[in-house]
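*Asks:* Have a look at the structure that comes next, please.
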Amino acid sequence: MRDLPISEDAFRAGVDMRLAAGDGVAEALCGAARDAMVPLWRQAQASGGKRVAYLSMEFLIGRLLRETLRAFGLERAASEICAAQGTTLGEVFEAEPDAALGNGGLGRLAACFLESMATIGCPGVGYGLRYEHGLFRQSLVQGKQVEAPEDWLRFGAPWELNPGRAYEVGFGGHVTDGVWHPGERVRAVAHDVAVPGEGGRFAVILRLWQAEALRPFDLGRFNYGDHVGASAAEASARALTRVLYPDDTNEAGKALRLKQEYFLVAASLADLMADHEGALADLADALAVQLNDTHPAIAGPELIRLLVDGWGLAFDEAVALARKVLAYTNHTLLPEALESWPEGLMAWLLPRHMEIIRDLDAALPEAGILDHGAVRMGNLAFALAHRVNGVSALHTELMKETVFAGLHASYPERIVNQTNGVTPRRWIAGCNPALAEVITGAIGDGWLTDLERLSGLEPLDGGVVDAMAGVKRANKARLAEWLADEHGVPVDPGAMFDVQIKRIHEYKRQHLNILETIALWQEMRDAPEAGWVPRVKIFAGKAAPGYHFAKEIIHLINRVAERVNADEVTGDLLKVVFVPNYNVSVAERLIPASDLSEQISTAGKEASGTGNMKFALNGAITIGTLDGANVEIRERVGAENFLLFGMTAEEVAARREIPGHAAEAVASEPRLARALETLHDGTFIDDWPDLFAGIAGNVAGHDHYLVASDFADYWRAQREADDWYADADGWAQKAALNIARSGWFSSDRTIRGYMRDIWGIETVSA
Ligand code: TH1
């Protein structure tokens, strides 16, 4: 094994030099850690064999200092430096802003993938956009979500490296004789972040494009007195990468979004083609391009355009070559999330691409690319990919049966599954170091890069189970302190911590959870001495700013929290907390302290989920439906260690066909009927008793997401959770089994699957 790329002494010297030059501790640590990555970054750019380019509109990377120090084995040195400077490493970590260049699971998956590629030695580069403002900051005003711009660059960009690369990207204009003459041009400037793998021997590059004007400042205009207009070109170009669209699993359909998508694709493909040295025919032996959902799907027509217009290939040859290079991951079947652009908009913004799309549609009529004057991006991506993958076993099967049934019949070999995973470096070692220590004590080193070794924890030793339970207790005590100090809610650390953290969406059914909470509170009030298991219900998540129903759910949760937390009858039996501004760092704090993991989406709607895996790996027990990767989690951890409830995807489809299904479910479940009453009668908001009638009306009426129909079984499973929790030893055993049996959910396993089944890439040994 080679030495680490940076010695502790060299790192200390780098930090000292920066401190002497007047840097703060945090800046000095980041700067020295970034410098340590420069050799890896250069090596990553030079790598010889086949490599993958992961194109994604989102990379939800979070903080980087802790992960980088661990990768390089520099944590101890860093904490000594902090002590000498009169601070702690923990405090320095907390000061780093989260890079939230993504909405949720899709963006976080991309970040886990890059880290896994770097750890296992898969040569690659992630391409994304350098949004000036990532996902908005959420605060609560009288229980309602208020959005403010996020400013992750407020302290500069300490992790960035400058590769000195820039490309022009065109929009609009016209096509004459097959040649595109764009009407507008902007510059795409590369900013790199090197993502080191565990052990610090290899890195992959995350290359983020920023839009700039070709001529940032018009001196002529300025001299004529037009002081604002002189910078207009710059302002308009910059607008392109100003903000991340905050719609998770929901298509916004805005022209600026299509511009962003093409900007990412055009810059990235130009960069890749500039680096391609061999013959054009060998392109697919040198490069695999993975499309993270359809957001970069214009890559198909763009690559064909480059090959035909730039390199003189015949159309059919270009299509075949593009297909060999490209692969597409589908992350959702929700109809409202499937991208589709009006032909008129596409023709106006990208006239040459629209021609290519029409030619493709004529050549592949079975693909259904054009439909009623719109370009269906999923069909386009499918038609130009040699592999199309789903993100869990169930989701992949549903893809074949529903959205892509026609295409699957024409191309039965194309759809494959790659169940998602998460990186255990961040999601165990980083966020739960005490658990990592217990694991290492039991099975030795090596598991962090070979997570299936967690199975070596079995047969479970009583001492290990106790130690894990002790870690959980300590994590809960720390969280309880934080909830009291930062959010003013004192909670009993001995209560069951029941946690639902994810984007707020009807299909994820936070309203099912809060209705069950209301029903539980009512029963506790009826009989406070009935031996209840104390609960802390914890929620966190952002709602898309335009998603009214989701925002009402947030408001309701907060109103319930206010009422319940002040109730002297129920006291410590029940507390409800909504933690504001959910992000990667909040997840890292909550997950290690959770007992119960809420994964309660309507079956068939959550493509995979990845939070579910993080919870299981940190010893929380899942209460969940047979949806997404829950199915595979349950198979692995064992049905006796998983709280299953609810209808299956098939039952959901059948249930929806029954007229009045919700009313019937409410009528047969008095607990639900009684809980729904409180949304009309001012229990939670006396000056406007009807405020939450919209939610109640939806649940008892149309109820597309089957909250009413699943309520009774959810209640049953929750009471089973109480029984399990009341037996502390039994619970600890089940929690430990969840850890021991979840090793398969490492994103290392997922990336190896992509390398083998889709990319045809082998690992390099560093
Ligand atoms: C999510 C899926 O909802 C989730 O189930 C899955 O685990 C995750 O992707 C990773 O595969 C999606 N996020 C988005 C975001 C947008 C559009 C579609 C999806 S699907 C903007």
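Please note that chains go A, B, ... in the order of the structure tokens, that every chain numbers its residues from 1, and that ligands are numbered from 1 in the order shown.
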Using only C-alpha atoms and all ligand atoms, what are the residues with an atom within 7 Å of ligand 1, set out as an mmCIF file with C-alpha atoms, in the first residue's frame?
*Replies:*
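Output (out17.cif):
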data_model
loop_
_atom_site.group_PDB
_atom_site.id
_atom_site.type_symbol
_atom_site.label_atom_id
_atom_site.label_comp_id
_atom_site.auth_asym_id
_atom_site.auth_seq_id
_atom_site.Cartn_x
_atom_site.Cartn_y
_atom_site.Cartn_z
ATOM 1 C CA ASN A 103 -33.241 19.201 -3.948
ATOM 2 C CA GLY A 104 -33.224 15.801 -2.326
ATOM 3 C CA GLY A 105 -32.558 12.146 -3.058
ATOM 4 C CA LEU A 106 -31.592 12.525 -6.700
ATOM 5 C CA LEU A 109 -27.388 10.091 -4.829
ATOM 6 C CA ASP A 247 -39.108 21.514 -7.527
ATOM 7 C CA ASP A 248 -38.347 18.009 -6.388
ATOM 8 C CA THR A 249 -40.072 15.340 -8.518
ATOM 9 C CA ASN A 250 -42.143 18.009 -10.153
ATOM 10 C CA GLU A 251 -41.618 19.427 -13.593
ATOM 11 C CA ASP A 293 -32.879 11.407 -15.022
ATOM 12 C CA HIS A 331 -35.837 8.101 -10.960
ATOM 13 C CA THR A 332 -39.595 8.497 -10.963
ATOM 14 C CA ALA A 337 -42.429 14.719 -12.923
ATOM 15 C CA VAL A 391 -33.290 2.620 -9.008
ATOM 16 C CA ASN A 420 -29.553 2.823 -5.091
ATOM 17 C CA GLU A 606 -41.288 6.270 -4.242
ATOM 18 C CA ALA A 607 -38.863 5.016 -6.863
ATOM 19 C CA SER A 608 -36.294 3.977 -4.285
ATOM 20 C CA GLY A 609 -35.628 6.248 -1.348
ATOM 21 C CA THR A 610 -32.124 6.504 0.088
ATOM 22 C CA GLY A 628 -39.102 1.425 -3.598
#
*Asks:* Leaving out region 468-483 of chain A and any residue of its chain fewer than 2 positions from it, which residues lie within 10 Å of it when counting only C-alpha atoms, given as a PyMOL selection string?
*Replies:* chain A and resi 432-439+462-466+485-497+536+577-579+589-595+618-620+728-729+731-733+735-736+739
*Asks:* Kindly give the distance, in Å, that separates CA of Trp744 (chain A) and CA of Val388 (chain A), rounded to a single decimal.
*Replies:*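 Going from CA of Trp744 (chain A) over to CA of Val388 (chain A) covers 21.9 Å.
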*Asks:* Just want the 10 Å neighbourhood of Gly456 (chain A), counted on only C-alpha atoms, with same-chain residues fewer than 6 positions away dropped. Output as a PyMOL selection string.
*Replies:* chain A and resi 439+442-444+447+740-741
*Asks:* Can those selected residues be exported to a file as a PDB file, in the first residue's frame so that it contains C-alpha atoms?
*Replies:*
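To be explicit, this is the file written out as result-v5.pdb:
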ATOM      1  CA  ILE A 439     -18.315  -1.953  14.532  1.00  0.00           C
ATOM      2  CA  ALA A 442     -16.339  -6.165  16.687  1.00  0.00           C
ATOM      3  CA  ILE A 443     -15.188  -7.006  13.148  1.00  0.00           C
ATOM      4  CA  GLY A 444     -11.960  -5.072  12.680  1.00  0.00           C
ATOM      5  CA  TRP A 447     -15.720  -2.821   6.545  1.00  0.00           C
ATOM      6  CA  ALA A 740     -25.602  -6.112  10.395  1.00  0.00           C
ATOM      7  CA  ARG A 741     -27.817  -6.877   7.413  1.00  0.00           C
TER       8      ARG A 741
END
*Asks:* Between A:Ile758, A:Leu333, A:Ala654, A:Ala616, which one has atoms that come closest to Phe404 (chain A), using only C-alpha atoms?
*Replies:*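 The closest residue to Phe404 (chain A) is A:Leu333.
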